[in-house]
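Trainee: Have a look at this one.
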Amino acid sequence: MNPKRTILFGVLCLVMLAAVGVQPAPARTIWQDGVITRGPWTERHLHLEINGDLYTLMPEVRICRMETNSTGGVQEQPASLTALAQGRQVKIRVQGRRIYELLVF
């Protein structure tokens, strides 16, 4: 067998395997607890500081206020940016420094 063809075939196989093996990983979000240390402000995008860390609120962010009812259960109520006052306890669903969901307690 021709050595040039063997090497070319090997290189092509490696390129094909590398192309198949490189797949984008799905973005994962995690939940974090925190306290708002600076209320929302706008600098090109809407920002919020939680536990001293700067986060960006995504345009489709879901903001809910968690209320305890008379039976001790917790209900979610839609909330606006006015609910995001300094010192409020929050739980955020983030990917890196981007907030996708925010629960205010």
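We label chains A, B, ... in the order they appear in the structure tokens, count residues from 1 in each chain, and number ligands from 1 in the order shown.
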Can you pull out every residue within 7 Å of segment 62-68 of chain A, counting only C-alpha atoms, but drop anything in the same chain fewer than 3 positions away, and send it as a CSV table (one decimal) with N, CA and C atoms, in the first residue's frame?

Mentor:
chain,number,residue,atom,x,y,z
A,72,GLY,N,-49.3,28.2,56.1
A,72,GLY,CA,-47.9,28.0,56.1
A,72,GLY,C,-47.3,27.6,54.8
A,73,GLY,N,-48.1,27.5,53.8
A,73,GLY,CA,-47.6,27.3,52.4
A,73,GLY,C,-47.0,28.5,51.8
A,74,VAL,N,-46.2,28.3,50.7
A,74,VAL,CA,-45.6,29.4,50.0
A,74,VAL,C,-46.2,29.5,48.6
A,75,GLN,N,-46.6,30.7,48.3
A,75,GLN,CA,-47.1,31.0,46.9
A,75,GLN,C,-46.2,32.0,46.2
A,76,GLU,N,-46.1,31.8,44.9
A,76,GLU,CA,-45.4,32.7,44.0
A,76,GLU,C,-46.3,33.8,43.5
A,77,GLN,N,-45.9,35.0,43.6
A,77,GLN,CA,-46.7,36.1,43.0
A,77,GLN,C,-45.8,36.9,42.1
A,78,PRO,N,-46.2,37.2,40.9
A,78,PRO,CA,-45.4,38.0,40.0
A,78,PRO,C,-45.0,39.3,40.6
A,79,ALA,N,-43.7,39.7,40.4
A,79,ALA,CA,-43.2,40.9,41.0
A,79,ALA,C,-42.5,41.8,39.9
A,80,SER,N,-42.3,43.0,40.2
A,80,SER,CA,-41.6,43.9,39.3
A,80,SER,C,-40.3,44.3,39.9
A,100,TYR,N,-31.5,34.5,35.1
A,100,TYR,CA,-32.7,34.1,34.3
A,100,TYR,C,-34.0,34.0,35.1
A,101,GLU,N,-33.8,33.8,36.4
A,101,GLU,CA,-35.0,33.7,37.3
A,101,GLU,C,-34.6,34.2,38.6
A,102,LEU,N,-35.5,35.0,39.3
A,102,LEU,CA,-35.2,35.6,40.6
A,102,LEU,C,-36.4,35.5,41.5
A,103,LEU,N,-36.2,34.9,42.6
A,103,LEU,CA,-37.3,34.7,43.6
A,103,LEU,C,-37.0,35.6,44.8
A,104,VAL,N,-37.9,36.5,45.2
A,104,VAL,CA,-37.7,37.4,46.3
A,104,VAL,C,-38.4,36.9,47.5
A,105,PHE,N,-37.7,36.9,48.7
A,105,PHE,CA,-38.4,36.4,49.9
A,105,PHE,C,-38.6,37.5,50.9

Trainee: Near His45 of chain A, counting only C-alpha atoms, which residues have an atom at most 10 Å away, once you skip same-chain residues fewer than 5 positions from it, shown as a list of chain:residue names?

Mentor: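 After dropping sequence-adjacent residues, the list is A:Thr56, A:Leu57, A:Met58, A:Pro59.
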
Trainee: Just N, CA and C atoms for this one: save the residues we selected as a PDB file, in the first residue's frame.

Mentor:
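Saved file selection-v9.pdb follows:
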ATOM      1  N   THR A  56     -26.119  40.453  35.614  1.00  0.00           N
ATOM      2  CA  THR A  56     -26.924  41.086  34.573  1.00  0.00           C
ATOM      3  C   THR A  56     -28.270  40.388  34.512  1.00  0.00           C
ATOM      4  N   LEU A  57     -29.350  41.157  34.562  1.00  0.00           N
ATOM      5  CA  LEU A  57     -30.692  40.590  34.422  1.00  0.00           C
ATOM      6  C   LEU A  57     -30.974  40.402  32.939  1.00  0.00           C
ATOM      7  N   MET A  58     -31.289  39.202  32.537  1.00  0.00           N
ATOM      8  CA  MET A  58     -31.584  38.924  31.141  1.00  0.00           C
ATOM      9  C   MET A  58     -32.945  39.522  30.781  1.00  0.00           C
ATOM     10  N   PRO A  59     -33.176  39.863  29.518  1.00  0.00           N
ATOM     11  CA  PRO A  59     -34.445  40.500  29.121  1.00  0.00           C
ATOM     12  C   PRO A  59     -35.678  39.675  29.469  1.00  0.00           C
TER      13      PRO A  59
END

Trainee: Could you work out how far atom CA of Asp53 of chain A lies from atom CA of Gly87 of chain A, giving the answer in Å with one decimal?

Mentor: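 Interatomic distance here is 13.9 Å.
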
Trainee: Could you pull the residues within 8 Å of segment 25-40 of chain A, counting only C-alpha atoms, minus those fewer than 4 positions along the same chain, as a ChimeraX atom specification?

Mentor: /A:46-52,81,84-96

Trainee: Of the residues A:Thr6, A:Arg98, A:Leu12, A:Ser70, which is the one nearest to Leu54 of chain A, using only C-alpha atoms?

Mentor: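 Distance minimum relative to Leu54 of chain A lands on A:Arg98.
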
Trainee: Residues of chain A in strand (DSSP E) according to DSSP, as an NGL selection string?

Mentor: :A and (30-43 or 45-50 or 53-68 or 74-78 or 89-95 or 98-104)

Trainee: Would you mind exporting C-alpha atoms of the selected residues as a PDB file, in the first residue's frame?

Mentor:
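Final file, out_32.pdb:
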ATOM      1  CA  ILE A  30     -27.714  26.759  38.958  1.00  0.00           C
ATOM      2  CA  TRP A  31     -29.706  28.152  41.891  1.00  0.00           C
ATOM      3  CA  GLN A  32     -27.927  30.411  44.388  1.00  0.00           C
ATOM      4  CA  ASP A  33     -29.106  32.091  47.587  1.00  0.00           C
ATOM      5  CA  GLY A  34     -28.146  35.637  48.414  1.00  0.00           C
ATOM      6  CA  VAL A  35     -28.972  39.118  49.640  1.00  0.00           C
ATOM      7  CA  ILE A  36     -29.335  42.146  47.376  1.00  0.00           C
ATOM      8  CA  THR A  37     -26.424  44.473  48.180  1.00  0.00           C
ATOM      9  CA  ARG A  38     -27.287  47.078  45.511  1.00  0.00           C
ATOM     10  CA  GLY A  39     -30.647  47.623  43.874  1.00  0.00           C
ATOM     11  CA  PRO A  40     -31.189  47.400  40.117  1.00  0.00           C
ATOM     12  CA  TRP A  41     -29.613  49.978  37.814  1.00  0.00           C
ATOM     13  CA  THR A  42     -29.141  50.350  34.080  1.00  0.00           C
ATOM     14  CA  GLU A  43     -25.806  50.713  32.289  1.00  0.00           C
ATOM     15  CA  HIS A  45     -28.231  46.477  30.454  1.00  0.00           C
ATOM     16  CA  LEU A  46     -30.110  46.015  33.724  1.00  0.00           C
ATOM     17  CA  HIS A  47     -27.756  45.022  36.564  1.00  0.00           C
ATOM     18  CA  LEU A  48     -28.160  43.839  40.149  1.00  0.00           C
ATOM     19  CA  GLU A  49     -25.587  43.271  42.885  1.00  0.00           C
ATOM     20  CA  ILE A  50     -26.085  40.202  45.080  1.00  0.00           C
ATOM     21  CA  ASP A  53     -21.196  40.205  42.976  1.00  0.00           C
ATOM     22  CA  LEU A  54     -22.445  42.007  39.862  1.00  0.00           C
ATOM     23  CA  TYR A  55     -25.100  40.199  37.787  1.00  0.00           C
ATOM     24  CA  THR A  56     -26.924  41.086  34.573  1.00  0.00           C
ATOM     25  CA  LEU A  57     -30.692  40.590  34.422  1.00  0.00           C
ATOM     26  CA  MET A  58     -31.584  38.924  31.141  1.00  0.00           C
ATOM     27  CA  PRO A  59     -34.445  40.500  29.121  1.00  0.00           C
ATOM     28  CA  GLU A  60     -36.752  37.514  29.698  1.00  0.00           C
ATOM     29  CA  VAL A  61     -35.986  37.295  33.448  1.00  0.00           C
ATOM     30  CA  ARG A  62     -38.822  35.951  35.612  1.00  0.00           C
ATOM     31  CA  ILE A  63     -39.230  37.823  38.919  1.00  0.00           C
ATOM     32  CA  CYS A  64     -41.522  36.373  41.604  1.00  0.00           C
ATOM     33  CA  ARG A  65     -42.256  37.337  45.188  1.00  0.00           C
ATOM     34  CA  MET A  66     -42.608  34.361  47.538  1.00  0.00           C
ATOM     35  CA  GLU A  67     -45.443  34.858  50.049  1.00  0.00           C
ATOM     36  CA  THR A  68     -46.338  32.632  52.983  1.00  0.00           C
ATOM     37  CA  VAL A  74     -45.610  29.410  50.022  1.00  0.00           C
ATOM     38  CA  GLN A  75     -47.128  30.996  46.923  1.00  0.00           C
ATOM     39  CA  GLU A  76     -45.377  32.697  44.011  1.00  0.00           C
ATOM     40  CA  GLN A  77     -46.680  36.123  43.037  1.00  0.00           C
ATOM     41  CA  PRO A  78     -45.382  37.954  39.950  1.00  0.00           C
ATOM     42  CA  GLN A  89     -33.283  37.842  50.553  1.00  0.00           C
ATOM     43  CA  VAL A  90     -33.323  36.278  47.066  1.00  0.00           C
ATOM     44  CA  LYS A  91     -32.794  33.005  45.267  1.00  0.00           C
ATOM     45  CA  ILE A  92     -31.460  33.346  41.720  1.00  0.00           C
ATOM     46  CA  ARG A  93     -31.144  30.940  38.793  1.00  0.00           C
ATOM     47  CA  VAL A  94     -27.932  31.926  37.041  1.00  0.00           C
ATOM     48  CA  GLN A  95     -25.592  30.918  34.287  1.00  0.00           C
ATOM     49  CA  ARG A  98     -26.547  36.221  33.999  1.00  0.00           C
ATOM     50  CA  ILE A  99     -29.817  35.958  35.964  1.00  0.00           C
ATOM     51  CA  TYR A 100     -32.670  34.070  34.293  1.00  0.00           C
ATOM     52  CA  GLU A 101     -35.025  33.724  37.271  1.00  0.00           C
ATOM     53  CA  LEU A 102     -35.236  35.597  40.553  1.00  0.00           C
ATOM     54  CA  LEU A 103     -37.304  34.714  43.635  1.00  0.00           C
ATOM     55  CA  VAL A 104     -37.681  37.426  46.303  1.00  0.00           C
TER      56      VAL A 104
END

Trainee: Within segment 10-96 of chain A, find each residue whose DSSP state, derived from the backbone, is helix (DSSP H, G or I), and express the selection as a PyMOL selection string.

Mentor: chain A and resi 10-21+81-83
